[in-house]
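A.B. asks: Input: one structure, supplied below.
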Amino acid sequence: MNAAQTPLPVIVIAGATGTGKSAAALAAASAVGGTVINADSRQVYADFPIITAQPADEEKNRVPHALYGFLRCAEKLSAGKYAALARDAIAAAHAASRVPILTGGTGLYLNALLGGIAAIPPVPEALSKAWQERCKAEGPRALHAVLRDRDPRSAAKLHPNDSQRITRALEVLEATGKPLGYWHDLPRPAGAYDALGICLDVSLGELTPRLQTRIEAMIEAGALREALAALERCPDPDAPGWSGIGCAELHAHLTGKTDLDTCKARWLQHTRDYAKRQITWFRRDNSLLHLVPDDTDGLLAACARHLGR
RNA sequence: GCCAGGGUAGCUCAGUUGGUAGAGCGAUGGACUGAAAAUCCAUGUGUCGGCGGUUCAAUCCCGUCCCCUGGCA
């Protein structure tokens with residue numbers, strides 16, 4: 001048996017925001033000699049370590065961490081770029097004889113990494129912007145009509161209000177000369193990993209008070225100072241980094257649009273909405289092993305079994 | 001105590017010239033192939049404050065009681 005052909009083992013720890021993924025990853029990484037690799041679309045931003053709940057320095061010193069806080073506020077990540085970065089990080093971990101432990105709540109990123117993603121060439125940013133502007137001006141329904149004309153198959157799949165996916169379909173069509181469906185039909189390179197997927201489950205009812213406490217703790221830890229510093233470096237609220245929950249609400253507060261109570265109330269509401277969407281996303285994936293966050297023994301046992309130890 | 005305005009969905013309120021009611025928000029469920037902490041979809045029975053009366057029929061009109069808000073004492 002050739003070792004190079006054996007799928008490389010990885011451990012994935014998913015779950016909604018605030019369920020304790022980072023702590024679980026740290027415990028698992030300490031136990032098996034792992035590297036924690038970020039699978040979260042927001043924890044990549046260097047300007048928002050507190051607000052996006054990135055691991056603290058103390059935690060990073062205990063175990064190697066990768067793909068946290070490396071992106072500037074004005075820079076944009078995508079599922080495809082993430083998958084490429086994560087593949088490199090996984091390879092680096094294996095090269096260092098460490099077990100990659102992917103941790104994060106961005107389901108699309110995990111799918112792109114583990115299940116592969118269509119090989120669509122990059123769309124020039126100017127083109128993408130142009131469609132977004134037009135969507136803003138004319139409304140998604142008008143663009144849906146355009147799409148129905150040029151790419152009926154994509155149009156049939158998309159709701160006329162879904163501005164984001166409609167503009168995406170249009171920009172891909174214009175940039176590549178081929179409809180989205182063409183690209184999606186192409187075989188996509190599967191992730192050559194032997195993955196153990198774990199999902200930490202907490203009901204929304206239990207999670208909500210914890211999320212509220214976490215927001216207070218973030219403010220205590222200097223979230224406002226962090227946002228203020230980011231505001232100086234990158235004032236544009238439409239910059240990709242500002243779209244994170246908490247960031248957007250703090251931007252509005254710090255630029256005098258809302259008072260702090262309103263800011264905190266919206267922050268909590270949006271975090272809760274998000275957690276609900278994540279729960280929906282991970283619920284349908286029946287390859288996941290579902291654990292309660294406190295079950296460290298169960299977590300470590302599952303990891304050991306997966307690694308054949 | 002008097003005057004006025006209110007009491008309708010979890011919340012804020014609309015409405016019914018008398019035929020048992022609907023918006024927004026919330027909540028719940030769902031979708032998700034390169035912005036995904038994004039984007040989008042679906043779901044509305046509630047003693048219409050209590051009790052009496054008028055009426056074929058009352059959440060709506062009348063009486064009475066309770067509660068809230070403001071003003072006057």
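Naming scheme: A, B, ... for chains in displayed order of the structure tokens; residues 1 onward per chain; ligands 1 onward as shown.
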Would you tabulate, counting only C-alpha atoms (C1' of nucleotides), all residues of chain A that have an atom at most 6 Å from an atom of chain B, showing the closest pair of atoms and their distance in Å to one decimal, sorted by chain then ascending number, as CSV?
C.D. replies:
```
residue,atom,partner,partner_atom,distance
A:Ser78,CA,B:G34,C1',5.1
A:Ala79,CA,B:G34,C1',4.8
A:Gly80,CA,B:G34,C1',4.9
A:Asp162,CA,B:C40,C1',5.1
A:Gln164,CA,B:U39,C1',5.4
A:Gly244,CA,B:A37,C1',4.9
A:Ile245,CA,B:A37,C1',5.1
```
A.B. asks: Hey, what's within 12 Å of C51 (chain B) if we count only C-alpha atoms (C1' of nucleotides) and toss same-chain stuff fewer than 4 positions away? As a VMD selection string, please?
C.D. replies: chain B and resid 63 to 66
A.B. asks: Might you pull out every residue within 9 Å of Leu268 (chain A), with only C-alpha atoms (C1' of nucleotides) counted and same-chain residues fewer than 3 positions away left off, and present them as number ranges by chain?
C.D. replies: A: 208, 211-212, 215, 245-246, 263-265, 271-273
A.B. asks: Show me, as a ChimeraX atom specification, the residues that have an atom within 12 Å of Thr167 (chain A) when counting only C-alpha atoms (C1' of nucleotides), minus same-chain residues fewer than 6 positions from it.
C.D. replies: /A:123,127-136,138-147,151,154-155,158,160-161,173-175,180 /B:35,39
A.B. asks: From the DSSP assignment of the backbone, select every residue of region 63-304 of chain A that is alpha helix (DSSP H), and format the answer as an MDAnalysis selection string.
C.D. replies: chainID A and resid 79:95 107:115 125:138 140:150 152:157 163:176 180:185 204:220 223:233 247:254 260:283 296:304
A.B. asks: List as a PyMOL selection string the protein and nucleic acid residues near A21 (chain B), meaning an atom at most 12 Å away when only C-alpha atoms (C1' of nucleotides) are counted, but skip any in the same chain fewer than 6 places from it.
C.D. replies: chain B and resi 8-9+14-15+44-46+48+59-60
A.B. asks: Quick one: DSSP strand (DSSP E or B) residues in region 53-184 of chain A, as a PyMOL selection string?
C.D. replies: chain A and resi 65-66+71+99-103
A.B. asks: Only N, CA and C atoms, please: the residues just picked out, written as a compact mmCIF listing (two decimals), in the first residue's frame.
C.D. replies:
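This went into again.txt:
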```txt
# COMPACT_ATOMS: atom_id res chain seq x y z
N HIS A 65 -2.03 27.46 14.89
CA HIS A 65 -3.28 27.88 14.27
C HIS A 65 -2.96 28.44 12.89
N ALA A 66 -3.86 28.21 11.93
CA ALA A 66 -3.62 28.72 10.58
C ALA A 66 -4.87 29.40 10.01
N LEU A 71 -6.23 38.83 6.63
CA LEU A 71 -6.77 39.61 5.52
C LEU A 71 -7.09 41.03 5.95
N VAL A 99 -2.03 16.77 12.78
CA VAL A 99 -3.36 16.46 12.28
C VAL A 99 -4.11 17.77 12.02
N PRO A 100 -4.57 17.99 10.77
CA PRO A 100 -5.33 19.22 10.50
C PRO A 100 -6.71 19.15 11.15
N ILE A 101 -7.03 20.18 11.91
CA ILE A 101 -8.34 20.25 12.56
C ILE A 101 -9.05 21.51 12.07
N LEU A 102 -9.94 21.31 11.09
CA LEU A 102 -10.65 22.44 10.50
C LEU A 102 -11.78 22.85 11.41
N THR A 103 -11.85 24.12 11.70
CA THR A 103 -12.82 24.59 12.67
C THR A 103 -13.49 25.85 12.18
```
A.B. asks: What gap, in Å, lies between CA of Ala112 (chain A) and CA of Lys81 (chain A)?
C.D. replies: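 Taking CA of Ala112 (chain A) as the start and CA of Lys81 (chain A) as the end point, the length is 9.5 Å.
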A.B. asks: If you measure from CA of Asp236 (chain A) to CA of Glu216 (chain A), what distance in Å do you get, rounded to one decimal?
C.D. replies: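 Distance reported for this atom pair: 25.4 Å.
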A.B. asks: Given the choices A:Ile166, A:Ala83, A:Ala118, A:Val36, which gets closest to Val12 (chain A) if the distance is worked out from only C-alpha atoms?
C.D. replies: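 Closest to Val12 (chain A), using only C-alpha atoms: A:Val36.
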A.B. asks: His290 (chain A): which residues within 8 Å, counting only C-alpha atoms (C1' of nucleotides), same-chain residues fewer than 6 positions away excluded, as JSON, numbers by chain?
C.D. replies: {"A": [198, 199, 200, 201]}
A.B. asks: Since we have the selection now, will you write its residues out, keeping all heavy atoms, as a PDB file, in the first residue's frame?
C.D. replies:
```
ATOM      1  N   ILE A 198     -17.495  16.602  12.676  1.00  0.00           N
ATOM      2  CA  ILE A 198     -18.177  16.689  13.964  1.00  0.00           C
ATOM      3  C   ILE A 198     -18.949  17.992  14.003  1.00  0.00           C
ATOM      4  O   ILE A 198     -18.452  19.030  13.562  1.00  0.00           O
ATOM      5  CB  ILE A 198     -17.150  16.646  15.114  1.00  0.00           C
ATOM      6  CG1 ILE A 198     -16.534  15.249  15.211  1.00  0.00           C
ATOM      7  CG2 ILE A 198     -17.797  17.040  16.442  1.00  0.00           C
ATOM      8  CD1 ILE A 198     -15.286  15.201  16.062  1.00  0.00           C
ATOM      9  N   CYS A 199     -20.184  17.920  14.504  1.00  0.00           N
ATOM     10  CA  CYS A 199     -20.973  19.143  14.643  1.00  0.00           C
ATOM     11  C   CYS A 199     -21.367  19.305  16.104  1.00  0.00           C
ATOM     12  O   CYS A 199     -21.901  18.386  16.713  1.00  0.00           O
ATOM     13  CB  CYS A 199     -22.234  19.056  13.769  1.00  0.00           C
ATOM     14  SG  CYS A 199     -23.244  20.546  13.843  1.00  0.00           S
ATOM     15  N   LEU A 200     -21.074  20.460  16.648  1.00  0.00           N
ATOM     16  CA  LEU A 200     -21.470  20.739  18.029  1.00  0.00           C
ATOM     17  C   LEU A 200     -22.880  21.310  18.021  1.00  0.00           C
ATOM     18  O   LEU A 200     -23.156  22.281  17.324  1.00  0.00           O
ATOM     19  CB  LEU A 200     -20.497  21.729  18.671  1.00  0.00           C
ATOM     20  CG  LEU A 200     -19.029  21.280  18.712  1.00  0.00           C
ATOM     21  CD1 LEU A 200     -18.185  22.309  19.461  1.00  0.00           C
ATOM     22  CD2 LEU A 200     -18.876  19.904  19.331  1.00  0.00           C
ATOM     23  N   ASP A 201     -23.754  20.682  18.778  1.00  0.00           N
ATOM     24  CA  ASP A 201     -25.164  21.084  18.774  1.00  0.00           C
ATOM     25  C   ASP A 201     -25.578  21.757  20.074  1.00  0.00           C
ATOM     26  O   ASP A 201     -25.394  21.203  21.154  1.00  0.00           O
ATOM     27  CB  ASP A 201     -26.062  19.855  18.575  1.00  0.00           C
ATOM     28  CG  ASP A 201     -25.938  19.298  17.168  1.00  0.00           C
ATOM     29  OD1 ASP A 201     -25.778  20.111  16.243  1.00  0.00           O
ATOM     30  OD2 ASP A 201     -25.996  18.068  17.000  1.00  0.00           O
TER      31      ASP A 201
END
```
A.B. asks: CA of Ala192 (chain A) to CA of Ala91 (chain A): how many Å, to one decimal?
C.D. replies: 11.1 Å
A.B. asks: Using only C-alpha atoms (C1' of nucleotides), determine which residues lie at most 9 Å from Tyr82 (chain A), disregarding the query and same-chain residues fewer than 4 positions distant; provide the list as JSON, numbers by chain.
C.D. replies: {"A": [39, 41, 77, 78, 86, 87, 109, 112, 113]}
